[in-house]
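Source file: input.pdb (PDB, C-alpha atoms)
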MODEL        1
ATOM      1  CA  MET A 183     120.400 175.954  55.131
ATOM      2  CA  GLY A 184     122.679 173.366  56.736
ATOM      3  CA  VAL A 185     126.139 174.186  58.024
ATOM      4  CA  GLY A 186     127.629 171.624  55.659
ATOM      5  CA  LEU A 187     126.042 173.254  52.611
ATOM      6  CA  VAL A 188     127.202 176.711  53.710
ATOM      7  CA  PHE A 189     130.728 175.337  54.152
ATOM      8  CA  LYS A 190     130.707 173.730  50.714
ATOM      9  CA  LYS A 191     129.502 176.936  49.044
ATOM     10  CA  GLY A 192     132.107 178.959  50.896
ATOM     11  CA  LEU A 193     134.851 176.530  49.903
ATOM     12  CA  PHE A 194     133.711 176.629  46.275
ATOM     13  CA  ALA A 195     133.793 180.444  46.304
ATOM     14  CA  ILE A 196     137.326 180.440  47.706
ATOM     15  CA  LEU A 197     138.535 177.906  45.124
ATOM     16  CA  LEU A 198     136.925 179.932  42.334
ATOM     17  CA  LEU A 199     138.621 183.096  43.569
ATOM     18  CA  LEU A 200     142.004 181.358  43.734
ATOM     19  CA  PHE A 201     141.516 180.015  40.233
ATOM     20  CA  CYS A 202     140.714 183.484  38.889
ATOM     21  CA  VAL A 203     143.796 184.909  40.597
ATOM     22  CA  TYR A 204     145.905 182.135  39.048
ATOM     23  CA  VAL A 205     144.474 182.784  35.574
ATOM     24  CA  ASP A 206     145.072 186.533  35.882
ATOM     25  CA  ALA A 207     148.641 185.963  37.056
ATOM     26  CA  ALA A 208     149.314 183.612  34.142
ATOM     27  CA  GLU A 209     147.833 186.125  31.700
ATOM     28  CA  ASN A 210     149.927 188.960  33.131
ATOM     29  CA  GLN A 211     153.036 186.805  32.911
ATOM     30  CA  ARG A 212     152.391 186.073  29.241
ATOM     31  CA  VAL A 213     152.000 189.781  28.533
ATOM     32  CA  ILE A 214     155.203 190.602  30.423
ATOM     33  CA  GLU A 215     157.134 187.924  28.525
ATOM     34  CA  GLU A 216     155.818 189.218  25.219
ATOM     35  CA  LEU A 217     156.735 192.828  25.937
ATOM     36  CA  ASN A 218     160.251 191.801  27.006
ATOM     37  CA  SER A 219     160.853 189.635  23.955
ATOM     38  CA  PRO A 220     162.375 190.863  20.646
ATOM     39  CA  MET A 221     160.046 192.725  18.296
ATOM     40  CA  PRO A 222     158.062 190.107  16.332
ATOM     41  CA  GLU A 223     158.533 189.837  12.597
ATOM     42  CA  ILE A 224     155.766 191.203  10.388
ATOM     43  CA  PRO A 225     153.450 188.178   9.947
ATOM     44  CA  LEU A 226     153.143 188.533   6.161
ATOM     45  CA  LYS A 227     156.923 188.775   5.832
ATOM     46  CA  ARG A 228     157.417 185.652   7.911
ATOM     47  CA  ALA A 229     154.810 183.790   5.892
ATOM     48  CA  MET A 230     156.059 184.795   2.434
ATOM     49  CA  GLY A 231     159.772 184.809   3.130
ATOM     50  CA  ALA A 232     161.933 187.952   3.270
ATOM     51  CA  LYS A 233     162.774 188.188  -0.449
ATOM     52  CA  ALA A 234     159.284 187.533  -1.840
ATOM     53  CA  TYR A 235     157.830 189.945   0.696
ATOM     54  CA  SER A 236     160.390 192.657  -0.057
ATOM     55  CA  ASP A 237     159.929 192.318  -3.819
ATOM     56  CA  ALA A 238     156.146 192.588  -3.530
ATOM     57  CA  ILE A 239     155.965 195.471  -1.059
ATOM     58  CA  SER A 240     158.795 197.502  -2.562
ATOM     59  CA  SER A 241     157.033 197.359  -5.926
ATOM     60  CA  GLY A 242     154.452 199.801  -4.569
ATOM     61  CA  GLU A 243     151.644 197.811  -6.164
ATOM     62  CA  TYR A 244     150.006 196.636  -2.953
ATOM     63  CA  ASN A 245     147.986 198.735  -0.511
ATOM     64  CA  TYR A 246     145.606 198.008   2.356
ATOM     65  CA  VAL A 247     142.034 199.115   1.760
ATOM     66  CA  GLY A 248     140.103 198.002   4.878
ATOM     67  CA  ASN A 249     137.294 195.491   5.138
ATOM     68  CA  SER A 250     134.599 198.053   4.345
ATOM     69  CA  LYS A 251     135.732 197.526   0.755
ATOM     70  CA  CYS A 252     135.533 193.744   1.137
ATOM     71  CA  ARG A 253     131.970 194.104   2.411
ATOM     72  CA  LEU A 254     130.814 195.535  -0.924
ATOM     73  CA  CYS A 255     131.143 192.139  -2.622
ATOM     74  CA  HIS A 256     131.229 189.743   0.339
ATOM     75  CA  ARG A 257     128.447 191.205   2.490
ATOM     76  CA  ASN A 258     127.075 187.965   3.942
ATOM     77  CA  PHE A 259     130.529 186.647   4.771
ATOM     78  CA  PHE A 260     131.436 189.996   6.324
ATOM     79  CA  ILE A 261     128.335 189.947   8.548
ATOM     80  CA  GLY A 262     128.887 186.313   9.474
ATOM     81  CA  ARG A 263     132.373 187.112  10.723
ATOM     82  CA  LYS A 264     131.365 189.990  13.000
ATOM     83  CA  LYS A 265     131.325 187.678  16.034
ATOM     84  CA  ASP A 266     134.657 186.101  15.190
ATOM     85  CA  PRO A 267     137.379 186.856  17.811
ATOM     86  CA  HIS A 268     139.644 188.265  15.106
ATOM     87  CA  ASP A 269     137.150 191.057  14.509
ATOM     88  CA  HIS A 270     137.523 192.139  18.143
ATOM     89  CA  ALA A 271     141.285 191.747  18.523
ATOM     90  CA  MET A 272     141.868 195.393  19.421
ATOM     91  CA  GLU A 273     139.543 195.305  22.425
ATOM     92  CA  SER A 274     141.965 193.356  24.600
ATOM     93  CA  LEU A 275     144.784 195.795  23.813
ATOM     94  CA  ILE A 276     142.651 198.791  24.715
ATOM     95  CA  ALA A 277     141.679 197.104  27.987
ATOM     96  CA  LEU A 278     145.385 196.647  28.802
ATOM     97  CA  GLY A 279     146.378 200.124  27.617
ATOM     98  CA  GLU A 280     148.646 198.604  24.954
ATOM     99  CA  GLU A 281     146.782 199.808  21.860
ATOM    100  CA  LYS A 282     149.859 201.729  20.654
ATOM    101  CA  ASN A 283     152.380 199.010  21.380
ATOM    102  CA  SER A 284     153.900 197.620  18.168
ATOM    103  CA  HIS A 285     154.692 194.348  19.914
ATOM    104  CA  CYS A 286     150.975 193.729  20.225
ATOM    105  CA  LEU A 287     149.727 195.517  17.116
ATOM    106  CA  MET A 288     151.566 193.127  14.804
ATOM    107  CA  CYS A 289     148.891 190.553  15.606
ATOM    108  CA  HIS A 290     145.949 192.646  16.798
ATOM    109  CA  SER A 291     145.613 194.931  13.779
ATOM    110  CA  THR A 292     145.822 194.739  10.006
ATOM    111  CA  GLY A 293     149.122 195.478   8.302
ATOM    112  CA  HIS A 294     150.889 197.165  11.206
ATOM    113  CA  GLY A 295     154.509 197.935  10.358
ATOM    114  CA  MET A 296     153.823 197.901   6.629
ATOM    115  CA  PRO A 297     153.280 200.776   4.184
ATOM    116  CA  SER A 298     149.560 201.700   4.159
ATOM    117  CA  GLY A 299     148.923 199.379   7.139
ATOM    118  CA  PHE A 300     147.523 200.128  10.595
ATOM    119  CA  VAL A 301     149.240 202.947  12.501
ATOM    120  CA  ASP A 302     146.947 203.763  15.425
ATOM    121  CA  MET A 303     143.268 204.238  16.260
ATOM    122  CA  GLU A 304     143.424 207.963  15.485
ATOM    123  CA  LYS A 305     145.065 207.730  12.038
ATOM    124  CA  THR A 306     143.892 204.367  10.698
ATOM    125  CA  PRO A 307     140.815 203.123  12.619
ATOM    126  CA  ARG A 308     139.588 201.397   9.439
ATOM    127  CA  LEU A 309     142.393 198.847   9.823
ATOM    128  CA  ALA A 310     141.862 197.995  13.488
ATOM    129  CA  ASN A 311     141.442 194.324  14.453
ATOM    130  CA  VAL A 312     142.428 191.358  12.279
ATOM    131  CA  GLN A 313     140.426 191.876   9.117
ATOM    132  CA  CYS A 314     140.282 190.005   5.796
ATOM    133  CA  GLU A 315     143.585 191.566   4.728
ATOM    134  CA  GLY A 316     145.151 190.491   8.005
ATOM    135  CA  CYS A 317     145.149 186.936   6.655
ATOM    136  CA  HIS A 318     145.431 187.595   2.921
ATOM    137  CA  GLY A 319     147.593 190.696   2.625
ATOM    138  CA  PRO A 320     146.801 194.031   0.932
ATOM    139  CA  GLY A 321     143.562 193.919  -1.046
ATOM    140  CA  ASN A 322     143.751 196.692  -3.627
ATOM    141  CA  VAL A 323     144.957 194.375  -6.404
ATOM    142  CA  HIS A 324     142.164 191.919  -5.589
ATOM    143  CA  ILE A 325     139.591 194.695  -5.958
ATOM    144  CA  ALA A 326     141.074 195.832  -9.265
ATOM    145  CA  LEU A 327     140.916 192.288 -10.632
ATOM    146  CA  ALA A 328     137.374 191.800  -9.342
ATOM    147  CA  LYS A 329     136.304 194.868 -11.316
ATOM    148  CA  ASP A 330     137.901 193.496 -14.482
ATOM    149  CA  LYS A 331     134.931 191.584 -15.912
ATOM    150  CA  SER A 332     136.874 190.225 -18.881
ATOM    151  CA  ARG A 333     139.400 188.646 -16.522
ATOM    152  CA  ASN A 334     136.639 187.034 -14.497
ATOM    153  CA  GLU A 335     134.815 185.787 -17.577
ATOM    154  CA  THR A 336     137.905 183.991 -18.818
ATOM    155  CA  LYS A 337     138.386 182.465 -15.346
ATOM    156  CA  LYS A 338     141.857 183.937 -14.849
ATOM    157  CA  PHE A 339     141.033 185.244 -11.405
ATOM    158  CA  THR A 340     143.234 182.596  -9.755
ATOM    159  CA  GLY A 341     144.430 183.601  -6.306
ATOM    160  CA  GLY A 342     142.400 186.785  -6.407
ATOM    161  CA  GLY A 343     145.450 189.040  -6.550
ATOM    162  CA  PHE A 344     146.298 188.404  -2.898
ATOM    163  CA  LEU A 345     149.832 187.807  -1.645
ATOM    164  CA  ALA A 346     148.294 185.136   0.588
ATOM    165  CA  GLY A 347     145.387 183.960  -1.527
ATOM    166  CA  GLY A 348     143.584 180.671  -1.812
ATOM    167  CA  ASP A 349     146.210 179.440  -4.234
ATOM    168  CA  ASN A 350     148.855 179.790  -1.500
ATOM    169  CA  PRO A 351     147.369 177.860   1.456
ATOM    170  CA  GLU A 352     150.736 177.309   3.111
ATOM    171  CA  ILE A 353     151.397 181.050   3.223
ATOM    172  CA  VAL A 354     147.985 181.615   4.814
ATOM    173  CA  ARG A 355     148.699 178.863   7.333
ATOM    174  CA  LYS A 356     152.061 180.437   8.191
ATOM    175  CA  LEU A 357     150.250 183.707   8.808
ATOM    176  CA  CYS A 358     148.108 181.916  11.389
ATOM    177  CA  THR A 359     151.111 180.447  13.186
ATOM    178  CA  SER A 360     152.955 183.775  13.083
ATOM    179  CA  CYS A 361     150.571 185.080  15.731
ATOM    180  CA  HIS A 362     149.207 181.898  17.284
ATOM    181  CA  THR A 363     152.506 180.864  18.831
ATOM    182  CA  SER A 364     153.191 178.647  21.839
ATOM    183  CA  ARG A 365     152.712 181.713  24.042
ATOM    184  CA  TRP A 366     149.380 182.650  22.510
ATOM    185  CA  ASN A 367     147.774 179.306  21.753
ATOM    186  CA  ARG A 368     144.637 179.388  23.901
ATOM    187  CA  SER A 369     142.379 179.989  20.891
ATOM    188  CA  TYR A 370     142.995 176.519  19.527
ATOM    189  CA  HIS A 371     144.448 173.155  20.433
ATOM    190  CA  ASP A 372     144.738 171.749  16.920
ATOM    191  CA  ILE A 373     146.034 174.244  14.339
ATOM    192  CA  ASP A 374     145.113 172.007  11.403
ATOM    193  CA  LYS A 375     141.532 171.633  12.601
ATOM    194  CA  VAL A 376     141.076 175.351  13.143
ATOM    195  CA  TYR A 377     142.850 176.312   9.931
ATOM    196  CA  ASN A 378     140.604 173.965   7.948
ATOM    197  CA  SER A 379     137.483 175.397   9.589
ATOM    198  CA  TYR A 380     138.434 178.847   8.313
ATOM    199  CA  LYS A 381     139.560 177.524   4.952
ATOM    200  CA  LYS A 382     136.226 175.761   4.368
ATOM    201  CA  ALA A 383     134.019 178.546   5.699
ATOM    202  CA  ASP A 384     130.789 179.050   3.741
ATOM    203  CA  ARG A 385     131.071 182.205   1.636
ATOM    204  CA  ASN A 386     127.406 182.921   2.240
ATOM    205  CA  THR A 387     127.519 182.772   6.023
ATOM    206  CA  GLY A 388     131.152 183.197   7.092
ATOM    207  CA  HIS A 389     130.983 179.945   9.082
TER
ENDMDL
END

Could you take the file, read its structure, and then write that structure out as structure tokens?
Amino acid sequence: MGVGLVFKKGLFAILLLLFCVYVDAAENQRVIEELNSPMPEIPLKRAMGAKAYSDAISSGEYNYVGNSKCRLCHRNFFIGRKKDPHDHAMESLIALGEEKNSHCLMCHSTGHGMPSGFVDMEKTPRLANVQCEGCHGPGNVHIALAKDKSRNETKKFTGGGFLAGGDNPEIVRKLCTSCHTSRWNRSYHDIDKVYNSYKKADRNTGH
């Protein structure tokens, strides 16, 4: 092996190491800035608006059920989404030792800070990660309506009983931007493009 080739490989290794150090430093800085910032607003509250959110949640009609319930009717979609980053959102918190930090849990779990929402991995493991209800809100009303065959037969199942259902695309979009802020925007470069890819996902495959 020539001296020149050895030098080039060594230089590449050094540059790669420096790049990794830079990336790690930038990541650590983002985490530090997040932890020092004010507590984020509950995403669903931000998306719906304070009054609409308060009226809905204080009514006691809405509860989180976990995506194991969603799987019963949307099995193929559920399976298709298992590789989606949202379904692994808790892993990064556990790696950082921040899995009990409310600053982070607002966006890495389902319904944290809300009645019946995620508390911690010991009490509510069924609501870990960003599940279906993380983008649509509590799902118990949706399930009740889905079981009402007469309602489905008359095609009155509009919105599915979700606080952020398909009939409220702007609320769903605001939920996305509640967590994907300028500080945490690496997962996409064009919010409209990414939002539309989720909005148009095939119900049979999840993609």

- Task: Please tell me which residues are no farther than 12 Å from (132.8, 190.9, -3.6) in the file, counting only C-alpha atoms, and write them as a ChimeraX atom specification.
- Result: /A:249-260,321,324-329,342,385-386

- Message: Just the number, please: distance in Å from atom CA of A:Ser364 to atom CA of A:Phe300, one decimal.
- Response: 24.9 Å

Could you expand the PyMOL selection byres ((chain A and resi 320) around 12) into the explicit residues it covers here, written as a PDB file with C-alpha atoms, in the coordinates of the input?
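Contents of out_38.pdb, as written:
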ATOM      1  CA  LEU A 226     153.143 188.533   6.161  1.00  0.00           C
ATOM      2  CA  TYR A 235     157.830 189.945   0.696  1.00  0.00           C
ATOM      3  CA  ALA A 238     156.146 192.588  -3.530  1.00  0.00           C
ATOM      4  CA  ILE A 239     155.965 195.471  -1.059  1.00  0.00           C
ATOM      5  CA  GLY A 242     154.452 199.801  -4.569  1.00  0.00           C
ATOM      6  CA  GLU A 243     151.644 197.811  -6.164  1.00  0.00           C
ATOM      7  CA  TYR A 244     150.006 196.636  -2.953  1.00  0.00           C
ATOM      8  CA  ASN A 245     147.986 198.735  -0.511  1.00  0.00           C
ATOM      9  CA  TYR A 246     145.606 198.008   2.356  1.00  0.00           C
ATOM     10  CA  VAL A 247     142.034 199.115   1.760  1.00  0.00           C
ATOM     11  CA  GLY A 248     140.103 198.002   4.878  1.00  0.00           C
ATOM     12  CA  ASN A 249     137.294 195.491   5.138  1.00  0.00           C
ATOM     13  CA  LYS A 251     135.732 197.526   0.755  1.00  0.00           C
ATOM     14  CA  CYS A 252     135.533 193.744   1.137  1.00  0.00           C
ATOM     15  CA  THR A 292     145.822 194.739  10.006  1.00  0.00           C
ATOM     16  CA  GLY A 293     149.122 195.478   8.302  1.00  0.00           C
ATOM     17  CA  HIS A 294     150.889 197.165  11.206  1.00  0.00           C
ATOM     18  CA  MET A 296     153.823 197.901   6.629  1.00  0.00           C
ATOM     19  CA  PRO A 297     153.280 200.776   4.184  1.00  0.00           C
ATOM     20  CA  SER A 298     149.560 201.700   4.159  1.00  0.00           C
ATOM     21  CA  GLY A 299     148.923 199.379   7.139  1.00  0.00           C
ATOM     22  CA  PHE A 300     147.523 200.128  10.595  1.00  0.00           C
ATOM     23  CA  LEU A 309     142.393 198.847   9.823  1.00  0.00           C
ATOM     24  CA  GLN A 313     140.426 191.876   9.117  1.00  0.00           C
ATOM     25  CA  CYS A 314     140.282 190.005   5.796  1.00  0.00           C
ATOM     26  CA  GLU A 315     143.585 191.566   4.728  1.00  0.00           C
ATOM     27  CA  GLY A 316     145.151 190.491   8.005  1.00  0.00           C
ATOM     28  CA  CYS A 317     145.149 186.936   6.655  1.00  0.00           C
ATOM     29  CA  HIS A 318     145.431 187.595   2.921  1.00  0.00           C
ATOM     30  CA  GLY A 319     147.593 190.696   2.625  1.00  0.00           C
ATOM     31  CA  GLY A 321     143.562 193.919  -1.046  1.00  0.00           C
ATOM     32  CA  ASN A 322     143.751 196.692  -3.627  1.00  0.00           C
ATOM     33  CA  VAL A 323     144.957 194.375  -6.404  1.00  0.00           C
ATOM     34  CA  HIS A 324     142.164 191.919  -5.589  1.00  0.00           C
ATOM     35  CA  ILE A 325     139.591 194.695  -5.958  1.00  0.00           C
ATOM     36  CA  ALA A 326     141.074 195.832  -9.265  1.00  0.00           C
ATOM     37  CA  GLY A 342     142.400 186.785  -6.407  1.00  0.00           C
ATOM     38  CA  GLY A 343     145.450 189.040  -6.550  1.00  0.00           C
ATOM     39  CA  PHE A 344     146.298 188.404  -2.898  1.00  0.00           C
ATOM     40  CA  LEU A 345     149.832 187.807  -1.645  1.00  0.00           C
ATOM     41  CA  ALA A 346     148.294 185.136   0.588  1.00  0.00           C
ATOM     42  CA  GLY A 347     145.387 183.960  -1.527  1.00  0.00           C
TER      43      GLY A 347
END

Would you mind listing, for every residue of stretch 262-328 of chain A within 10 Å of stretch 218-221 of chain A, the two atoms forming the shortest contact and the distance between them in Å to one decimal, using only C-alpha atoms, sorted by chain and ascending residue number, as CSV?
residue,atom,partner,partner_atom,distance
A:Ser284,CA,A:Met221,CA,7.9
A:His285,CA,A:Met221,CA,5.8
A:Cys286,CA,A:Met221,CA,9.3
A:Met288,CA,A:Met221,CA,9.2

- Query: Between atom CA of A:Ile214 and atom CA of A:Leu275, what is the distance, to one decimal in Å?
  - Reply: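 Separating atom CA of A:Ile214 from atom CA of A:Leu275 is a distance of 13.4 Å.
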
- Query: So how far away is atom CA of A:Glu215 from atom CA of A:Ala277, in Å?
  - Reply: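 These two atoms are separated by 18.0 Å.
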
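Nearest-residue note for A:Lys356: choosing from A:Ala271, A:Val312, A:Ala234, A:Ala229, the minimum distance belongs to A:Ala229, counting all atoms listed in the file.
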
- Task: Using the chain letters and numbers from the file, give me the residues hit by the PyMOL selection byres ((chain A and resi 303) around 12), as an MDAnalysis selection string.
- Result: chainID A and resid 272:273 275:276 280:283 287 290:292 294 299:302 304:311

- Task: Take the point (140.6, 175.1, 7.8) as written in the file and pick out every residue within 12 Å of it, counting all atoms listed in the file; give the list as a list in words.
- Result: Gly348, Pro351, Glu352, Val354, Arg355, Cys358, Asp372, Ile373, Asp374, Lys375, Val376, Tyr377, Asn378, Ser379, Tyr380, Lys381, Lys382, Ala383, Asp384 and His389 of chain A

- Among the residues A:His270, A:Ser241, A:Ile353, A:Arg333, the one that comes closest to A:Lys227 [using all atoms listed in the file]: A:Ile353

Can you pull stretch 232-243 of chain A out of that block with all heavy atoms and hand it back as a PDB file, in the first residue's frame?
ATOM      1  N   ALA A 232     -56.752  26.790  23.254  1.00  0.00           N
ATOM      2  CA  ALA A 232     -56.959  26.553  24.681  1.00  0.00           C
ATOM      3  C   ALA A 232     -58.412  26.271  25.038  1.00  0.00           C
ATOM      4  O   ALA A 232     -58.709  25.339  25.787  1.00  0.00           O
ATOM      5  CB  ALA A 232     -56.438  27.738  25.482  1.00  0.00           C
ATOM      6  N   LYS A 233     -59.353  27.049  24.502  1.00  0.00           N
ATOM      7  CA  LYS A 233     -60.759  26.890  24.894  1.00  0.00           C
ATOM      8  C   LYS A 233     -61.341  25.577  24.389  1.00  0.00           C
ATOM      9  O   LYS A 233     -61.977  24.835  25.142  1.00  0.00           O
ATOM     10  CB  LYS A 233     -61.607  28.050  24.383  1.00  0.00           C
ATOM     11  CG  LYS A 233     -63.054  27.973  24.877  1.00  0.00           C
ATOM     12  CD  LYS A 233     -63.882  29.130  24.379  1.00  0.00           C
ATOM     13  CE  LYS A 233     -65.270  29.127  25.027  1.00  0.00           C
ATOM     14  NZ  LYS A 233     -65.969  27.812  24.906  1.00  0.00           N
ATOM     15  N   ALA A 234     -61.146  25.287  23.096  1.00  0.00           N
ATOM     16  CA  ALA A 234     -61.692  24.051  22.526  1.00  0.00           C
ATOM     17  C   ALA A 234     -61.101  22.835  23.227  1.00  0.00           C
ATOM     18  O   ALA A 234     -61.809  21.864  23.527  1.00  0.00           O
ATOM     19  CB  ALA A 234     -61.409  23.999  21.029  1.00  0.00           C
ATOM     20  N   TYR A 235     -59.811  22.904  23.517  1.00  0.00           N
ATOM     21  CA  TYR A 235     -59.141  21.814  24.215  1.00  0.00           C
ATOM     22  C   TYR A 235     -59.712  21.642  25.616  1.00  0.00           C
ATOM     23  O   TYR A 235     -60.059  20.538  26.033  1.00  0.00           O
ATOM     24  CB  TYR A 235     -57.641  22.085  24.289  1.00  0.00           C
ATOM     25  CG  TYR A 235     -56.886  21.169  25.219  1.00  0.00           C
ATOM     26  CD1 TYR A 235     -56.435  19.934  24.780  1.00  0.00           C
ATOM     27  CD2 TYR A 235     -56.628  21.534  26.541  1.00  0.00           C
ATOM     28  CE1 TYR A 235     -55.744  19.085  25.632  1.00  0.00           C
ATOM     29  CE2 TYR A 235     -55.946  20.695  27.402  1.00  0.00           C
ATOM     30  CZ  TYR A 235     -55.498  19.476  26.944  1.00  0.00           C
ATOM     31  OH  TYR A 235     -54.832  18.637  27.794  1.00  0.00           O
ATOM     32  N   SER A 236     -59.835  22.741  26.351  1.00  0.00           N
ATOM     33  CA  SER A 236     -60.338  22.689  27.720  1.00  0.00           C
ATOM     34  C   SER A 236     -61.770  22.155  27.768  1.00  0.00           C
ATOM     35  O   SER A 236     -62.104  21.327  28.613  1.00  0.00           O
ATOM     36  CB  SER A 236     -60.278  24.085  28.354  1.00  0.00           C
ATOM     37  OG  SER A 236     -60.788  24.055  29.666  1.00  0.00           O
ATOM     38  N   ASP A 237     -62.597  22.619  26.846  1.00  0.00           N
ATOM     39  CA  ASP A 237     -63.996  22.162  26.810  1.00  0.00           C
ATOM     40  C   ASP A 237     -64.066  20.658  26.572  1.00  0.00           C
ATOM     41  O   ASP A 237     -64.855  19.950  27.210  1.00  0.00           O
ATOM     42  CB  ASP A 237     -64.764  22.897  25.707  1.00  0.00           C
ATOM     43  CG  ASP A 237     -65.010  24.361  26.043  1.00  0.00           C
ATOM     44  OD1 ASP A 237     -64.828  24.731  27.212  1.00  0.00           O
ATOM     45  OD2 ASP A 237     -65.377  25.117  25.126  1.00  0.00           O
ATOM     46  N   ALA A 238     -63.245  20.177  25.642  1.00  0.00           N
ATOM     47  CA  ALA A 238     -63.282  18.750  25.288  1.00  0.00           C
ATOM     48  C   ALA A 238     -62.748  17.879  26.425  1.00  0.00           C
ATOM     49  O   ALA A 238     -63.398  16.898  26.825  1.00  0.00           O
ATOM     50  CB  ALA A 238     -62.471  18.516  24.018  1.00  0.00           C
ATOM     51  N   ILE A 239     -61.602  18.237  26.964  1.00  0.00           N
ATOM     52  CA  ILE A 239     -60.970  17.394  27.985  1.00  0.00           C
ATOM     53  C   ILE A 239     -61.709  17.465  29.316  1.00  0.00           C
ATOM     54  O   ILE A 239     -61.852  16.458  30.018  1.00  0.00           O
ATOM     55  CB  ILE A 239     -59.489  17.775  28.161  1.00  0.00           C
ATOM     56  CG1 ILE A 239     -58.742  17.606  26.832  1.00  0.00           C
ATOM     57  CG2 ILE A 239     -58.843  16.931  29.247  1.00  0.00           C
ATOM     58  CD1 ILE A 239     -58.863  16.229  26.218  1.00  0.00           C
ATOM     59  N   SER A 240     -62.190  18.643  29.665  1.00  0.00           N
ATOM     60  CA  SER A 240     -62.905  18.775  30.942  1.00  0.00           C
ATOM     61  C   SER A 240     -64.264  18.079  30.913  1.00  0.00           C
ATOM     62  O   SER A 240     -64.854  17.820  31.963  1.00  0.00           O
ATOM     63  CB  SER A 240     -63.089  20.253  31.305  1.00  0.00           C
ATOM     64  OG  SER A 240     -63.902  20.908  30.345  1.00  0.00           O
ATOM     65  N   SER A 241     -64.746  17.748  29.725  1.00  0.00           N
ATOM     66  CA  SER A 241     -66.026  17.048  29.632  1.00  0.00           C
ATOM     67  C   SER A 241     -65.921  15.626  30.166  1.00  0.00           C
ATOM     68  O   SER A 241     -66.933  15.009  30.524  1.00  0.00           O
ATOM     69  CB  SER A 241     -66.489  16.993  28.163  1.00  0.00           C
ATOM     70  OG  SER A 241     -65.687  16.086  27.413  1.00  0.00           O
ATOM     71  N   GLY A 242     -64.705  15.086  30.210  1.00  0.00           N
ATOM     72  CA  GLY A 242     -64.515  13.723  30.691  1.00  0.00           C
ATOM     73  C   GLY A 242     -64.907  12.659  29.691  1.00  0.00           C
ATOM     74  O   GLY A 242     -64.904  11.463  30.010  1.00  0.00           O
ATOM     75  N   GLU A 243     -65.202  13.058  28.472  1.00  0.00           N
ATOM     76  CA  GLU A 243     -65.655  12.106  27.455  1.00  0.00           C
ATOM     77  C   GLU A 243     -64.512  11.412  26.723  1.00  0.00           C
ATOM     78  O   GLU A 243     -64.722  10.384  26.082  1.00  0.00           O
ATOM     79  CB  GLU A 243     -66.538  12.819  26.424  1.00  0.00           C
ATOM     80  CG  GLU A 243     -67.827  13.375  26.992  1.00  0.00           C
ATOM     81  CD  GLU A 243     -68.649  14.086  25.937  1.00  0.00           C
ATOM     82  OE1 GLU A 243     -68.307  13.971  24.735  1.00  0.00           O
ATOM     83  OE2 GLU A 243     -69.625  14.759  26.301  1.00  0.00           O
TER      84      GLU A 243
END
